[in-house]
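S.K.: File upload16.cif below, mmCIF, C-alpha atoms:
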data_entry
#
loop_
_atom_site.label_atom_id
_atom_site.label_comp_id
_atom_site.auth_asym_id
_atom_site.auth_seq_id
_atom_site.Cartn_x
_atom_site.Cartn_y
_atom_site.Cartn_z
CA MET R 38 -142.16 71.18 -19.29
CA LYS R 39 -145.84 72.06 -19.63
CA ARG R 40 -147.48 73.82 -16.70
CA TYR R 41 -149.77 71.69 -14.53
CA PRO R 42 -153.38 72.53 -15.49
CA ASP R 43 -154.66 74.59 -12.56
CA MET R 44 -158.34 73.87 -13.09
CA PHE R 45 -158.06 70.24 -11.97
CA ASN R 46 -159.44 70.97 -8.53
CA ASN R 47 -162.02 73.59 -9.43
CA ARG R 48 -165.15 71.79 -8.26
CA LYS R 49 -167.71 74.33 -9.45
CA LYS R 50 -166.21 74.50 -12.91
CA LYS R 51 -166.12 70.71 -13.08
CA GLN R 52 -169.83 70.48 -12.23
CA GLN R 53 -170.69 73.09 -14.85
CA PHE R 54 -168.58 71.25 -17.43
CA LEU R 55 -170.15 67.86 -16.65
CA ALA R 56 -173.65 69.32 -16.83
CA GLU R 57 -172.92 70.67 -20.34
CA ILE R 58 -171.42 67.35 -21.45
CA GLU R 59 -174.38 65.45 -20.05
CA ARG R 60 -176.74 67.47 -22.25
CA HIS R 61 -174.74 66.35 -25.31
CA GLN R 62 -173.59 62.95 -24.15
CA GLU R 63 -175.10 61.12 -27.15
CA ILE R 64 -172.21 62.62 -29.16
CA LEU R 65 -169.64 61.05 -26.85
CA HIS R 66 -171.26 57.61 -26.78
CA SER R 67 -172.07 57.41 -30.50
CA LEU R 68 -168.60 58.53 -31.58
CA CYS R 69 -166.88 55.98 -29.32
CA ARG R 70 -169.18 53.27 -30.67
CA ALA R 71 -168.53 54.41 -34.25
CA PHE R 72 -164.76 54.22 -33.84
CA PHE R 73 -164.30 51.14 -31.67
CA GLN R 74 -165.82 47.66 -31.56
CA GLY R 75 -164.68 46.47 -28.14
CA GLU R 76 -166.16 47.78 -24.89
CA GLN R 77 -162.72 48.25 -23.30
CA ASP R 78 -161.54 50.38 -26.26
CA ARG R 79 -164.75 52.42 -26.02
CA GLU R 80 -164.26 53.00 -22.30
CA ASP R 81 -160.67 54.13 -22.87
CA ALA R 82 -161.87 56.46 -25.63
CA ARG R 83 -164.63 57.98 -23.45
CA GLN R 84 -162.10 58.66 -20.71
CA GLU R 85 -159.58 60.23 -23.10
CA ILE R 86 -162.18 62.40 -24.85
CA LEU R 87 -163.60 63.65 -21.56
CA TYR R 88 -160.13 64.54 -20.34
CA GLN R 89 -159.27 66.37 -23.60
CA LEU R 90 -162.58 68.24 -23.47
CA TRP R 91 -161.93 69.20 -19.85
CA LYS R 92 -158.41 70.36 -20.69
CA SER R 93 -159.58 72.59 -23.53
CA TYR R 94 -162.77 73.78 -21.76
CA PRO R 95 -161.19 77.08 -20.60
CA GLN R 96 -160.54 77.95 -24.27
CA PHE R 97 -164.19 77.42 -25.24
CA ARG R 98 -165.55 80.94 -25.66
CA GLY R 99 -169.00 80.06 -26.96
CA GLU R 100 -168.29 81.41 -30.46
CA ALA R 101 -169.28 78.02 -31.91
CA LYS R 102 -172.08 75.81 -30.61
CA PHE R 103 -171.10 73.58 -27.70
CA SER R 104 -171.91 70.47 -29.78
CA THR R 105 -169.66 71.68 -32.64
CA TRP R 106 -166.78 72.27 -30.23
CA MET R 107 -167.41 68.83 -28.73
CA TYR R 108 -167.32 67.18 -32.18
CA LYS R 109 -164.06 68.97 -32.94
CA VAL R 110 -162.23 67.87 -29.79
CA ALA R 111 -163.75 64.36 -29.76
CA LEU R 112 -163.04 63.60 -33.43
CA ASN R 113 -159.45 64.83 -33.19
CA THR R 114 -158.90 62.64 -30.13
CA LEU R 115 -160.56 59.63 -31.77
CA GLN R 116 -158.53 60.02 -34.95
CA LYS R 117 -155.32 59.88 -32.91
CA LEU R 118 -156.54 56.85 -30.96
CA GLY R 119 -157.92 55.21 -34.13
CA ARG R 120 -154.62 55.56 -35.99
CA LYS R 121 -152.85 53.72 -33.15
CA LYS R 122 -155.28 50.82 -33.43
CA GLN R 123 -155.62 50.79 -37.22
CA GLY R 124 -155.32 47.36 -38.77
CA LYS R 125 -156.69 45.75 -35.63
CA TYR R 126 -160.13 45.31 -37.16
CA GLU R 127 -160.79 43.47 -40.39
CA THR R 128 -163.95 44.08 -42.35
CA ASP R 129 -165.89 41.14 -43.73
CA PHE R 130 -167.41 42.47 -46.95
CA LYS R 131 -169.50 39.31 -47.54
CA GLU R 132 -171.33 40.05 -44.32
CA GLY R 133 -171.61 43.65 -45.49
CA LYS R 134 -173.29 42.65 -48.74
CA GLU R 135 -176.00 40.79 -46.84
CA ILE R 136 -176.63 43.81 -44.62
CA TRP R 137 -176.67 46.07 -47.69
CA ASP R 138 -179.14 43.82 -49.59
CA ASN R 139 -181.55 43.91 -46.67
CA ARG R 140 -181.17 47.63 -46.01
CA PHE R 141 -184.74 48.56 -46.90
CA ASP R 142 -186.38 45.60 -45.11
CA GLN R 143 -186.37 47.24 -41.72
CA PRO R 144 -186.86 50.88 -40.76
CA ALA R 145 -183.74 52.77 -39.72
CA TRP R 146 -184.75 53.07 -36.08
CA GLU R 147 -184.96 49.28 -35.80
CA ASN R 148 -181.81 48.45 -37.69
CA THR R 149 -178.51 50.23 -37.24
CA GLN R 150 -176.44 47.34 -38.58
CA LEU R 151 -175.82 49.01 -41.92
CA ILE R 152 -174.47 52.22 -40.45
CA ALA R 153 -172.29 50.27 -37.99
CA PHE R 154 -170.89 48.22 -40.84
CA ILE R 155 -170.18 51.23 -43.06
CA LEU R 156 -168.40 52.99 -40.22
CA GLN R 157 -166.35 49.91 -39.46
CA SER R 158 -165.05 49.82 -43.04
CA LEU R 159 -163.80 53.44 -43.08
CA SER R 160 -160.52 54.99 -41.91
CA PRO R 161 -160.67 57.28 -38.83
CA GLU R 162 -160.43 60.40 -41.08
CA ASP R 163 -163.19 59.24 -43.45
CA LYS R 164 -165.37 58.19 -40.54
CA SER R 165 -165.10 61.69 -39.05
CA LEU R 166 -166.03 63.24 -42.37
CA VAL R 167 -169.17 61.18 -43.04
CA ILE R 168 -170.40 61.54 -39.47
CA LEU R 169 -170.23 65.34 -39.75
CA LYS R 170 -171.99 65.15 -43.13
CA TRP R 171 -174.78 63.03 -41.60
CA GLU R 172 -174.99 65.60 -38.80
CA GLY R 173 -175.85 68.19 -41.43
CA TYR R 174 -172.68 70.32 -41.34
CA SER R 175 -171.71 72.18 -44.53
CA TYR R 176 -168.42 71.47 -46.34
CA LYS R 177 -167.03 74.73 -44.93
CA GLU R 178 -167.97 73.78 -41.36
CA ILE R 179 -166.60 70.24 -41.78
CA GLY R 180 -163.36 71.74 -43.07
CA GLU R 181 -163.13 74.01 -40.03
CA ILE R 182 -163.87 71.20 -37.56
CA LEU R 183 -161.39 68.76 -39.09
CA GLY R 184 -158.77 71.31 -40.10
CA VAL R 185 -159.03 70.38 -43.79
CA SER R 186 -159.60 72.68 -46.76
CA SER R 187 -163.31 72.72 -47.70
CA ASN R 188 -162.35 72.07 -51.36
CA VAL R 189 -161.03 68.67 -50.35
CA ILE R 190 -164.22 67.64 -48.53
CA GLY R 191 -166.34 67.13 -51.68
CA THR R 192 -163.66 65.02 -53.34
CA ARG R 193 -163.20 62.88 -50.26
CA LEU R 194 -166.94 62.37 -49.77
CA HIS R 195 -167.23 61.30 -53.40
CA ARG R 196 -164.41 58.78 -52.86
CA ILE R 197 -166.12 57.44 -49.72
CA LYS R 198 -169.40 57.02 -51.61
CA LYS R 199 -167.57 55.01 -54.28
CA HIS R 200 -165.91 52.93 -51.58
CA ILE R 201 -169.26 52.07 -50.00
CA GLN R 202 -170.84 51.21 -53.37
CA LYS R 203 -167.87 49.13 -54.45
CA HIS R 204 -167.61 47.08 -51.32
CA MET R 205 -171.24 46.73 -50.37
CA ALA R 206 -173.54 46.97 -53.35
CA TYR R 207 -171.58 45.17 -56.00
CA VAL R 208 -169.29 42.67 -54.26
CA MET A 557 -175.07 59.06 -50.21
CA SER A 558 -178.07 61.34 -50.41
CA ASN A 559 -180.22 58.60 -52.01
CA LEU A 560 -179.80 56.39 -48.95
CA PRO A 561 -181.33 56.89 -45.52
CA LEU A 562 -177.89 56.89 -43.91
CA SER A 563 -178.32 60.12 -41.98
CA ASP A 564 -181.58 58.68 -40.55
CA GLN A 565 -179.70 55.56 -39.58
CA TRP A 566 -177.00 57.68 -37.98
CA GLN A 567 -179.63 59.37 -35.78
CA ALA A 568 -180.95 55.92 -34.80
CA PHE A 569 -177.39 54.80 -34.12
CA LYS A 570 -176.90 57.83 -31.86
CA GLU A 571 -180.06 57.13 -29.87
CA GLN A 572 -179.09 53.49 -29.45
CA SER A 573 -175.55 54.48 -28.39
CA LEU A 574 -176.95 56.89 -25.80
CA GLU A 575 -179.10 54.13 -24.27
CA GLU A 576 -176.11 51.79 -24.14
CA GLY A 577 -173.79 54.48 -22.81
CA MET A 578 -176.20 55.45 -20.01
CA GLU A 579 -176.04 51.87 -18.72
CA GLY A 580 -172.27 52.17 -18.18
CA LYS A 581 -170.24 54.32 -15.79
CA ASP A 582 -171.26 57.92 -15.17
CA LEU A 583 -169.38 60.73 -16.89
CA ALA A 584 -167.84 62.08 -13.68
CA SER A 585 -166.04 58.80 -12.98
CA TYR A 586 -164.55 58.74 -16.50
CA LEU A 587 -163.34 62.29 -16.02
CA GLU A 588 -161.88 61.62 -12.57
CA LYS A 589 -160.02 58.56 -13.86
CA GLY A 590 -158.62 60.55 -16.79
CA ILE A 591 -157.50 63.41 -14.54
CA ARG A 592 -155.84 60.96 -12.12
CA GLN A 593 -153.93 59.29 -14.94
CA TYR A 594 -152.68 62.57 -16.39
CA ARG A 595 -151.77 63.89 -12.93
CA LYS A 596 -149.75 60.72 -12.26
CA ALA A 597 -147.97 60.99 -15.62
CA TYR A 598 -147.23 64.67 -14.96
CA LEU A 599 -145.72 63.94 -11.53
CA GLN A 600 -143.65 61.07 -12.93
CA ARG A 601 -142.18 63.40 -15.57
CA LEU A 602 -141.56 66.08 -12.94
CA TYR A 603 -139.76 63.68 -10.55
CA SER A 604 -137.68 62.26 -13.37
CA GLN A 605 -136.59 65.78 -14.39
CA LEU A 606 -135.82 66.70 -10.79
CA GLY A 607 -133.81 63.50 -10.39
CA MET A 608 -131.82 64.31 -13.51
CA TYR A 609 -131.20 67.87 -12.28
CA LEU A 610 -130.02 66.59 -8.87
CA PHE A 611 -127.73 64.07 -10.54
CA MET A 612 -126.14 66.81 -12.66
CA VAL A 613 -125.65 69.05 -9.60
CA LEU A 614 -123.95 66.20 -7.71
CA LEU A 615 -121.83 65.32 -10.74
CA VAL A 616 -120.65 68.90 -11.27
CA GLY A 617 -120.17 69.37 -7.50
CA GLY A 618 -118.07 66.20 -7.30
CA CYS A 619 -115.67 67.28 -10.02
#
Could I get this structure in the form of structure tokens?
M.R.:
Amino acid sequence: MKRYPDMFNNRKKKQQFLAEIERHQEILHSLCRAFFQGEQDREDARQEILYQLWKSYPQFRGEAKFSTWMYKVALNTLQKLGRKKQGKYETDFKEGKEIWDNRFDQPAWENTQLIAFILQSLSPEDKSLVILKWEGYSYKEIGEILGVSSNVIGTRLHRIKKHIQKHMAYV
Amino acid sequence: MSNLPLSDQWQAFKEQSLEEGMEGKDLASYLEKGIRQYRKAYLQRLYSQLGMYLFMVLLVGGC
């Protein structure tokens, strides 16, 4: 049986951890929103991610940026949670076409419908990949974060691009 | 995807998510709830293993 994590009651460490997370909390909220539609699912995901981050915090040595480490733990947790709930959400591609057709009508900062729709139509693994790409990570870094060979990343991104074009631009 | 402003939209999505997330519970309460749940699950597993061990001891002792 696994040993009981002894840092559960370390108050000072907990405060330090929460302060770090608070500085990067947009990652936590945006990833939960990207993976789940319902507020209850998002709340469960936030709780699970925070716990997993807390559990692996002692292993964070600062070799990578805090945000990169956070993406790694959060995306792995979300992929596990997402796989359990897969098939629960159905994507309406007719609605998607309308959003796609109007994509240049409003500036990005006023309209996040398109990105929400694209994310909704992707599998947990593909979602993780495109999010890291939009965050500006290189193929090598994405491979390291997701535990996938960097050679595979290009192929998968190409497939995702085709998927988006097929379902949204030409339906 | 480079010909589309998707990374810009992702940044907007992040900002919007932060605003929405800040309206909800604070991070400490999420963490406390998670820790409580895992602690409970850990103790349940521990008690169940101890119960099994005790049962085996009684069984062997009774024979």
S.K.: Pick out the closest residue to A:Tyr594 from this set: R:Lys92, R:Lys50, R:His195, R:Arg120. Count all atoms listed in the file.
M.R.: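 Counting all atoms listed in the file, the residue closest to A:Tyr594 is R:Lys92.
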S.K.: Give me, please, the distance in Å between atom CA of A:Glu588 and atom CA of R:Arg60, quoted to one decimal.
M.R.: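 Between atom CA of A:Glu588 and atom CA of R:Arg60 the gap works out to 18.7 Å.
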S.K.: Starting from chain R, keep only residues with some atom at most 6 Å from an atom of chain A, counting only C-alpha atoms, and report them as a VMD selection string.
M.R.: chain R and resid 63 66 to 67 84 87 to 88 145 to 146 149 171
S.K.: Quick check, in Å to one decimal: how far apart do atom CA of R:Leu118 and atom CA of R:Phe72 lie?
M.R.: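 That distance, rounded to one decimal, is 9.1 Å.
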S.K.: For atom CA of R:Lys198 and atom CA of R:Ser165, quote the distance in Å rounded to one decimal.
M.R.: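 Computing it gives 14.1 Å between the two atoms.
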S.K.: Could you spell out the hits of the PyMOL selection byres ((chain R and resi 177) around 12) on the shown file, as a PDB file with C-alpha atoms, keeping the file's coordinate frame?
M.R.:
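Ended up saving to selection-v3.pdb:
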ATOM      1  CA  LEU R 166    -166.030  63.240 -42.370  1.00  0.00           C
ATOM      2  CA  LEU R 169    -170.230  65.340 -39.750  1.00  0.00           C
ATOM      3  CA  LYS R 170    -171.990  65.150 -43.130  1.00  0.00           C
ATOM      4  CA  GLY R 173    -175.850  68.190 -41.430  1.00  0.00           C
ATOM      5  CA  TYR R 174    -172.680  70.320 -41.340  1.00  0.00           C
ATOM      6  CA  SER R 175    -171.710  72.180 -44.530  1.00  0.00           C
ATOM      7  CA  TYR R 176    -168.420  71.470 -46.340  1.00  0.00           C
ATOM      8  CA  GLU R 178    -167.970  73.780 -41.360  1.00  0.00           C
ATOM      9  CA  ILE R 179    -166.600  70.240 -41.780  1.00  0.00           C
ATOM     10  CA  GLY R 180    -163.360  71.740 -43.070  1.00  0.00           C
ATOM     11  CA  GLU R 181    -163.130  74.010 -40.030  1.00  0.00           C
ATOM     12  CA  ILE R 182    -163.870  71.200 -37.560  1.00  0.00           C
ATOM     13  CA  LEU R 183    -161.390  68.760 -39.090  1.00  0.00           C
ATOM     14  CA  GLY R 184    -158.770  71.310 -40.100  1.00  0.00           C
ATOM     15  CA  VAL R 185    -159.030  70.380 -43.790  1.00  0.00           C
ATOM     16  CA  SER R 186    -159.600  72.680 -46.760  1.00  0.00           C
ATOM     17  CA  SER R 187    -163.310  72.720 -47.700  1.00  0.00           C
ATOM     18  CA  ASN R 188    -162.350  72.070 -51.360  1.00  0.00           C
ATOM     19  CA  VAL R 189    -161.030  68.670 -50.350  1.00  0.00           C
ATOM     20  CA  ILE R 190    -164.220  67.640 -48.530  1.00  0.00           C
ATOM     21  CA  GLY R 191    -166.340  67.130 -51.680  1.00  0.00           C
TER      22      GLY R 191
END
S.K.: Hey, which of R:Leu65, R:Leu90, R:Ile197, R:Leu151 ends up closest to R:Lys164? Count all atoms listed in the file.
M.R.: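 Of R:Leu65, R:Leu90, R:Ile197, R:Leu151, the one nearest R:Lys164, counting all atoms listed in the file, is R:Ile197.
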